[in-house]
Each structure stands twice: as C-alpha cells, then as structure tokens.
>>> print(open('protein.cif').read())   # mmCIF, C-alpha atoms and all ligand atoms
data_structure
loop_
_atom_site.group_PDB
_atom_site.id
_atom_site.type_symbol
_atom_site.label_atom_id
_atom_site.label_comp_id
_atom_site.auth_asym_id
_atom_site.auth_seq_id
_atom_site.Cartn_x
_atom_site.Cartn_y
_atom_site.Cartn_z
ATOM 1 C CA MET A 209 19.409 18.859 -2.498
ATOM 2 C CA ASP A 210 18.959 15.690 -4.538
ATOM 3 C CA VAL A 211 15.263 15.031 -3.883
ATOM 4 C CA SER A 212 13.042 13.563 -6.593
ATOM 5 C CA LEU A 213 9.583 12.076 -7.067
ATOM 6 C CA VAL A 214 9.882 8.576 -8.505
ATOM 7 C CA GLU A 215 7.334 6.100 -9.782
ATOM 8 C CA VAL A 216 6.338 3.225 -7.547
ATOM 9 C CA THR A 217 7.309 0.036 -9.335
ATOM 10 C CA ARG A 218 7.436 -3.721 -8.777
ATOM 11 C CA GLU A 219 11.088 -3.235 -7.832
ATOM 12 C CA ASN A 220 10.648 -0.544 -5.161
ATOM 13 C CA VAL A 221 7.170 -1.203 -3.762
ATOM 14 C CA ASP A 222 8.517 -3.146 -0.756
ATOM 15 C CA ASP A 223 10.696 -0.164 0.167
ATOM 16 C CA VAL A 224 7.653 2.146 -0.083
ATOM 17 C CA LEU A 225 5.634 -0.185 2.162
ATOM 18 C CA ALA A 226 8.449 -0.153 4.739
ATOM 19 C CA LEU A 227 8.345 3.643 5.145
ATOM 20 C CA GLU A 228 6.716 4.706 8.423
ATOM 21 C CA VAL A 229 6.076 7.885 10.363
ATOM 22 C CA ALA A 230 6.866 8.107 14.093
ATOM 23 C CA PRO A 231 4.338 6.373 16.402
ATOM 24 C CA GLU A 232 3.000 9.719 17.694
ATOM 25 C CA GLN A 233 2.329 10.801 14.063
ATOM 26 C CA ALA A 234 0.499 7.624 13.055
ATOM 27 C CA SER A 235 -2.966 9.140 13.574
ATOM 28 C CA TYR A 236 -2.180 11.954 11.104
ATOM 29 C CA VAL A 237 -1.630 9.895 7.976
ATOM 30 C CA ALA A 238 -2.620 6.462 6.655
ATOM 31 C CA THR A 239 -0.010 3.766 6.130
ATOM 32 C CA ASN A 240 1.452 3.506 2.657
ATOM 33 C CA ALA A 241 -0.115 0.048 2.380
ATOM 34 C CA LYS A 242 -3.567 1.591 2.831
ATOM 35 C CA SER A 243 -2.805 4.442 0.424
ATOM 36 C CA LEU A 244 -1.620 2.084 -2.325
ATOM 37 C CA ALA A 245 -4.647 -0.144 -1.793
ATOM 38 C CA GLN A 246 -6.988 2.870 -2.093
ATOM 39 C CA ALA A 247 -5.098 4.127 -5.141
ATOM 40 C CA SER A 248 -5.745 0.871 -6.952
ATOM 41 C CA PHE A 249 -9.494 1.594 -6.738
ATOM 42 C CA GLU A 250 -9.309 5.323 -7.571
ATOM 43 C CA PRO A 251 -8.691 6.171 -11.227
ATOM 44 C CA HIS A 252 -7.809 9.770 -10.292
ATOM 45 C CA ALA A 253 -5.124 8.779 -7.805
ATOM 46 C CA TRP A 254 -1.606 9.939 -8.622
ATOM 47 C CA PHE A 255 1.258 8.834 -6.418
ATOM 48 C CA ARG A 256 5.022 8.886 -6.222
ATOM 49 C CA ALA A 257 7.727 7.774 -3.836
ATOM 50 C CA ILE A 258 9.990 10.535 -2.527
ATOM 51 C CA ALA A 259 13.690 9.799 -3.040
ATOM 52 C CA ALA A 260 16.760 11.481 -1.593
ATOM 53 C CA GLY A 261 19.526 10.366 -3.903
ATOM 54 C CA ASP A 262 19.011 6.620 -4.297
ATOM 55 C CA VAL A 263 17.188 6.182 -0.991
ATOM 56 C CA LEU A 264 13.390 6.188 -0.714
ATOM 57 C CA VAL A 265 12.414 8.490 2.141
ATOM 58 C CA GLY A 266 8.703 9.189 1.727
ATOM 59 C CA PHE A 267 5.468 8.909 -0.215
ATOM 60 C CA ALA A 268 3.051 11.406 -1.746
ATOM 61 C CA MET A 269 -0.393 10.817 -3.198
ATOM 62 C CA ALA A 270 -2.857 13.203 -4.793
ATOM 63 C CA TYR A 271 -6.330 13.145 -6.269
ATOM 64 C CA ARG A 272 -6.005 14.623 -9.735
ATOM 65 C CA ASP A 273 -8.884 15.464 -11.966
ATOM 66 C CA SER A 274 -7.469 16.896 -15.173
ATOM 67 C CA ASP A 275 -10.781 18.243 -16.479
ATOM 68 C CA ALA A 276 -11.749 20.045 -13.296
ATOM 69 C CA ARG A 277 -8.124 21.093 -12.721
ATOM 70 C CA GLN A 278 -8.438 19.762 -9.206
ATOM 71 C CA PHE A 279 -5.351 18.760 -7.289
ATOM 72 C CA TYR A 280 -5.975 17.499 -3.777
ATOM 73 C CA VAL A 281 -2.965 16.331 -1.739
ATOM 74 C CA TRP A 282 -4.375 13.152 -0.279
ATOM 75 C CA ARG A 283 -1.333 11.710 1.513
ATOM 76 C CA PHE A 284 2.100 13.074 2.256
ATOM 77 C CA MET A 285 4.650 11.453 4.534
ATOM 78 C CA LEU A 286 8.350 11.256 5.256
ATOM 79 C CA ASP A 287 9.707 8.233 7.071
ATOM 80 C CA ALA A 288 10.540 9.150 10.689
ATOM 81 C CA ARG A 289 14.263 8.479 10.068
ATOM 82 C CA PHE A 290 14.387 11.082 7.315
ATOM 83 C CA GLN A 291 12.285 13.918 8.739
ATOM 84 C CA GLY A 292 13.639 17.358 9.609
ATOM 85 C CA ARG A 293 16.217 17.402 6.805
ATOM 86 C CA GLY A 294 14.291 19.570 4.369
ATOM 87 C CA TYR A 295 13.230 16.611 2.203
ATOM 88 C CA GLY A 296 9.521 17.180 2.870
ATOM 89 C CA ARG A 297 9.671 20.829 1.844
ATOM 90 C CA ARG A 298 11.612 20.021 -1.329
ATOM 91 C CA ALA A 299 9.291 17.137 -2.228
ATOM 92 C CA MET A 300 6.218 19.360 -1.788
ATOM 93 C CA GLU A 301 7.833 22.028 -3.987
ATOM 94 C CA LEU A 302 8.388 19.368 -6.678
ATOM 95 C CA LEU A 303 4.786 18.215 -6.329
ATOM 96 C CA LEU A 304 3.551 21.808 -6.705
ATOM 97 C CA ASP A 305 5.771 22.251 -9.795
ATOM 98 C CA GLU A 306 4.177 19.127 -11.248
ATOM 99 C CA ALA A 307 0.706 20.506 -10.563
ATOM 100 C CA ARG A 308 1.626 23.893 -12.060
ATOM 101 C CA ARG A 309 2.915 22.195 -15.227
ATOM 102 C CA ALA A 310 -0.390 20.328 -15.497
ATOM 103 C CA GLY A 311 -2.253 23.666 -15.465
ATOM 104 C CA VAL A 312 -3.616 23.336 -11.936
ATOM 105 C CA GLU A 313 -4.489 26.696 -10.367
ATOM 106 C CA GLU A 314 -5.420 25.635 -6.860
ATOM 107 C CA VAL A 315 -4.044 22.892 -4.651
ATOM 108 C CA THR A 316 -6.050 21.784 -1.627
ATOM 109 C CA LEU A 317 -5.516 19.423 1.278
ATOM 110 C CA SER A 318 -6.896 18.708 4.703
ATOM 111 C CA VAL A 319 -4.836 18.368 7.824
ATOM 112 C CA VAL A 320 -5.559 17.010 11.287
ATOM 113 C CA PRO A 321 -4.813 19.709 13.899
ATOM 114 C CA GLY A 322 -2.975 18.781 17.093
ATOM 115 C CA GLU A 323 0.373 18.510 18.799
ATOM 116 C CA HIS A 324 2.237 16.655 16.025
ATOM 117 C CA SER A 325 0.266 18.134 13.170
ATOM 118 C CA ALA A 326 1.803 19.121 9.838
ATOM 119 C CA LEU A 327 -0.276 22.352 9.866
ATOM 120 C CA ALA A 328 2.806 24.562 10.410
ATOM 121 C CA PHE A 329 4.670 22.664 7.693
ATOM 122 C CA TYR A 330 1.937 23.446 5.154
ATOM 123 C CA ARG A 331 1.650 27.058 6.328
ATOM 124 C CA SER A 332 5.385 27.490 5.771
ATOM 125 C CA LEU A 333 4.826 26.361 2.176
ATOM 126 C CA GLY A 334 2.174 29.032 1.600
ATOM 127 C CA PHE A 335 -1.000 27.029 2.230
ATOM 128 C CA GLU A 336 -3.767 28.934 3.991
ATOM 129 C CA GLU A 337 -6.692 27.625 5.999
ATOM 130 C CA THR A 338 -10.003 28.037 4.182
ATOM 131 C CA GLY A 339 -12.012 27.982 7.421
ATOM 132 C CA ASP A 340 -13.752 24.749 6.399
ATOM 133 C CA VAL A 341 -13.538 21.758 8.703
ATOM 134 C CA ASP A 342 -14.183 18.302 7.259
ATOM 135 C CA GLU A 343 -14.572 15.470 9.789
ATOM 136 C CA GLY A 344 -12.224 17.282 12.178
ATOM 137 C CA GLU A 345 -9.670 18.041 9.471
ATOM 138 C CA LEU A 346 -8.850 21.628 8.516
ATOM 139 C CA ARG A 347 -9.051 22.453 4.832
ATOM 140 C CA MET A 348 -6.114 24.356 3.352
ATOM 141 C CA ARG A 349 -5.535 25.800 -0.089
ATOM 142 C CA LEU A 350 -2.715 27.248 -2.102
ATOM 143 C CA ASP A 351 -3.338 29.524 -5.067
ATOM 144 C CA LEU A 352 -0.736 28.311 -7.550
ATOM 145 C CA ALA A 353 -1.418 31.130 -9.951
ATOM 146 C CA ALA A 354 -0.433 33.634 -7.264
ATOM 147 C CA SER A 355 2.535 31.757 -5.792
HETATM 148 C C1 LIG A 401 5.063 16.862 7.921
HETATM 149 C C2 LIG A 401 6.230 16.178 7.219
HETATM 150 C C3 LIG A 401 5.792 15.689 5.856
HETATM 151 C C4 LIG A 401 7.364 17.205 7.049
HETATM 152 O O1 LIG A 401 8.458 16.608 6.362
HETATM 153 P P1 LIG A 401 9.975 16.923 6.806
HETATM 154 O O2 LIG A 401 10.882 16.389 5.758
HETATM 155 O O3 LIG A 401 10.165 16.452 8.197
HETATM 156 O O4 LIG A 401 9.971 18.525 6.780
HETATM 157 P P2 LIG A 401 11.189 19.473 6.402
HETATM 158 O O5 LIG A 401 12.426 18.972 7.061
HETATM 159 O O6 LIG A 401 11.225 19.644 4.930
HETATM 160 O O7 LIG A 401 10.727 20.807 7.092
HETATM 161 C C5 LIG A 401 10.152 21.874 6.372
HETATM 162 C C6 LIG A 401 9.667 22.935 7.319
HETATM 163 O O8 LIG A 401 8.501 22.507 7.997
HETATM 164 C C7 LIG A 401 8.705 22.519 9.403
HETATM 165 N N1 LIG A 401 8.064 21.326 9.927
HETATM 166 C C8 LIG A 401 8.253 20.070 9.507
HETATM 167 N N2 LIG A 401 7.452 19.232 10.183
HETATM 168 C C9 LIG A 401 6.756 19.987 11.044
HETATM 169 C C10 LIG A 401 5.780 19.703 12.020
HETATM 170 N N3 LIG A 401 5.304 18.474 12.230
HETATM 171 N N4 LIG A 401 5.293 20.741 12.739
HETATM 172 C C11 LIG A 401 5.748 21.978 12.526
HETATM 173 N N5 LIG A 401 6.670 22.327 11.614
HETATM 174 C C12 LIG A 401 7.159 21.329 10.883
HETATM 175 C C13 LIG A 401 10.195 22.491 9.586
HETATM 176 O O9 LIG A 401 10.576 23.114 10.790
HETATM 177 C C14 LIG A 401 10.693 23.274 8.388
HETATM 178 O O10 LIG A 401 10.599 24.661 8.586
HETATM 179 P P3 LIG A 401 11.765 25.617 7.978
HETATM 180 O O11 LIG A 401 11.884 25.265 6.534
HETATM 181 O O12 LIG A 401 11.235 26.980 8.262
HETATM 182 O O13 LIG A 401 12.981 25.247 8.767
HETATM 183 C C15 LIG A 401 6.773 14.998 8.045
HETATM 184 O O14 LIG A 401 7.155 15.457 9.315
HETATM 185 C C16 LIG A 401 5.794 13.847 8.202
HETATM 186 O O15 LIG A 401 5.798 12.914 7.392
HETATM 187 N N6 LIG A 401 4.941 13.884 9.265
HETATM 188 C C17 LIG A 401 4.031 12.782 9.565
HETATM 189 C C18 LIG A 401 2.970 12.589 8.512
HETATM 190 C C19 LIG A 401 2.049 13.765 8.364
HETATM 191 O O16 LIG A 401 1.592 14.361 9.332
HETATM 192 N N7 LIG A 401 1.755 14.069 7.098
HETATM 193 C C20 LIG A 401 0.842 15.095 6.755
HETATM 194 C C21 LIG A 401 -0.515 14.506 6.605
HETATM 195 S S1 LIG A 401 -1.692 15.757 6.188
#
>>> encode(input="protein.cif", output="structure tokens", more="lines below")
Ligand SMILES: CC(C)(COP(=O)(O)OP(=O)(O)OC[C@H]1O[C@@H](n2cnc3c(N)ncnc32)[C@H](O)[C@@H]1OP(=O)(O)O)[C@@H](O)C(=O)NCCC(=O)NCCS
Amino acid sequence: MDVSLVEVTRENVDDVLALEVAPEQASYVATNAKSLAQASFEPHAWFRAIAAGDVLVGFAMAYRDSDARQFYVWRFMLDARFQGRGYGRRAMELLLDEARRAGVEEVTLSVVPGEHSALAFYRSLGFEETGDVDEGELRMRLDLAAS
C-alpha cells in the first residue's frame, strides 16, 4: 500500500485544508485549518499530510519533545472519502516508525469516546487506555519499546 507522510508545503497546503471528516465525526477532531494555526504557535508541533500515491488523504499532528522523549498524537484524521481503506492504519504505523526512530519509548493520545469514536481504531493498533480521563477524553498509551 503506497501510503506516505509528506511535508505540508506552500504547494499542497490548500489540499490539506480541503480534507474533512464526515459531519458525524466533526466533534472528534479539529479542522486542519485549526490544527495548522495552532501548530504555528507551538514550537514542539510536528505535522505531516497523509498521502496515498499522489493524492492527499489525511493529516497527522503530534507534540514532540525530543528531550523528554514525549510523543503525543495531537490530531489524526482521514478525509471521509478515503476512510475504511486501511490508509489510517498504515499512516499510524508510519508515524510510530518515525517516533521509534527518534528514540521515543511511549506514544500517548487522548480520544473522545462515543458512537463514532476512533477508540477501537487505536485499540486495534495496540494502544491501551491508561484509565485517565482528561476533559472527557480517554488517555491511551502505546509502549513502543514493547511493540
Ligand atoms: C479513525 C480514522 C483515522 C481511521 O482511519 P481509516 O483510514 O478509516 O482506518 P483504516 O481503514 O485504516 O482502518 C483500520 C482499522 O480500524 C478500524 N476502524 C477504523 N475507523 C474506526 C472507527 N471509527 N471505529 C471503529 N473501528 C474503526 C477498521 O475497521 C480497521 O480494522 P481492521 O484493520 O481490523 O480491519 C478515521 O476514520 C478518521 O479520520 N475518523 C475521524 C477523525 C477522528 O476521529 N480522528 C481521531 C481523533 S482522536
């Protein structure tokens, strides 16, 4: 499967901004416009577009702190037209490879529970709930050293 993580550039930023989740998923993830705006004020933000071949299909953003070896998946989305094709799983595997290469031992994220939640998606990738709840979002973690 030809999925890759590509840099967001002047040339492709409009395509990234046009990527949207389904209306019923909108409360689970911020728009890419909001994520890119936040990233421009956060020195530890790391983000990539998700490509399938030449087509941009999604967006991923993390909070990376190289000293503390922290890797927090801040945003992760596949455009509604491209979901359910295995692109999300592959893109997350690539993101985890990237983290592993950077020496990260633990990846964390928080997920909104509910009917259209990505909770099962993250579980299927090996993330486990920590039991912590942060503003209604469930914390999950993946031990990269063990996976
Ligand atoms: C969650 C999301 C990223 C998954 O991407 P995707 O490309 O559709 O997922 P894939 O096709 O790679 O599916 C991977 C696996 O997760 C499962 N899965 C995907 N989305 C799921 C969902 N919402 N609920 C339950 N399981 C899901 C699939 O069944 C598949 O399982 P399998 O490999 O055992 O067959 C995507 O649906 C999305 O962008 N959702 C809206 C935004 C969102 O909620 N982001 C997370 C914010 S924390």
>>> closest_residue(input="protein.cif", among="A:Glu343, A:Asp273, A:Glu232, A:Glu337", to="Val312 in chain A", atoms="only C-alpha atoms")
A:Asp273
>>> resolve_selection(input="protein.cif", expression="the PyMOL selection byres (((chain A and resi 344-355) around 10) and not hetatm)", output="ChimeraX atom specification")
/A:236,280-281,304-305,307-308,311-321,327,330-331,333-343
>>> resolve_selection(input="protein.cif", expression="the PyMOL selection byres (((chain A and resi 238-254) around 9) and not hetatm)", output="VMD selection string")
chain A and resid 224 to 229 234 to 237 255 to 256 267 to 274 282 to 283 285
>>> residues_near_ligand(input="protein.cif", ligand="ligand LIG 401 (chain A)", cutoff="6 Å", atoms="all atoms listed in the file", output="PyMOL selection string")
chain A and resi 229+233+236-237+283-286+291-297+319+324-326+328-329
>>> write_last_selection(input="protein.cif", atoms="C-alpha atoms", output="mmCIF file, keeping the file's coordinate frame")
data_model
loop_
_atom_site.group_PDB
_atom_site.id
_atom_site.type_symbol
_atom_site.label_atom_id
_atom_site.label_comp_id
_atom_site.auth_asym_id
_atom_site.auth_seq_id
_atom_site.Cartn_x
_atom_site.Cartn_y
_atom_site.Cartn_z
ATOM 1 C CA VAL A 229 6.076 7.885 10.363
ATOM 2 C CA GLN A 233 2.329 10.801 14.063
ATOM 3 C CA TYR A 236 -2.180 11.954 11.104
ATOM 4 C CA VAL A 237 -1.630 9.895 7.976
ATOM 5 C CA ARG A 283 -1.333 11.710 1.513
ATOM 6 C CA PHE A 284 2.100 13.074 2.256
ATOM 7 C CA MET A 285 4.650 11.453 4.534
ATOM 8 C CA LEU A 286 8.350 11.256 5.256
ATOM 9 C CA GLN A 291 12.285 13.918 8.739
ATOM 10 C CA GLY A 292 13.639 17.358 9.609
ATOM 11 C CA ARG A 293 16.217 17.402 6.805
ATOM 12 C CA GLY A 294 14.291 19.570 4.369
ATOM 13 C CA TYR A 295 13.230 16.611 2.203
ATOM 14 C CA GLY A 296 9.521 17.180 2.870
ATOM 15 C CA ARG A 297 9.671 20.829 1.844
ATOM 16 C CA VAL A 319 -4.836 18.368 7.824
ATOM 17 C CA HIS A 324 2.237 16.655 16.025
ATOM 18 C CA SER A 325 0.266 18.134 13.170
ATOM 19 C CA ALA A 326 1.803 19.121 9.838
ATOM 20 C CA ALA A 328 2.806 24.562 10.410
ATOM 21 C CA PHE A 329 4.670 22.664 7.693
#
>>> axis_aligned_box(input="protein.cif", around="range 238-247 of chain A", padding_each_side="6 Å", output="JSON")
{"center_x": -2.8, "center_y": 3.2, "center_z": 0.8, "size_x": 20.4, "size_y": 18.6, "size_z": 23.8}
>>> atom_distance(input="protein.cif", atom1="CA of Glu323 in chain A", atom2="CA of Glu301 in chain A")
24.2 Å
>>> atom_distance(input="protein.cif", atom1="CA of Ala230 in chain A", atom2="CA of Phe290 in chain A")
10.6 Å
>>> closest_residue(input="protein.cif", among="A:Val214, A:Met300, A:Ala288, A:Met209", to="Ala259 in chain A", atoms="only C-alpha atoms")
A:Val214
>>> resolve_selection(input="protein.cif", expression="the PyMOL selection byres (((chain A and resi 223) around 10) and not hetatm)", output="list in words")
Val216, Glu219, Asn220, Val221, Asp222, Val224, Leu225, Ala226, Leu227, Ala257, Val263, Leu264, Val265 and Gly266 of chain A
>>> atom_distance(input="protein.cif", atom1="CA of Glu215 in chain A", atom2="CA of Ala310 in chain A")
17.2 Å
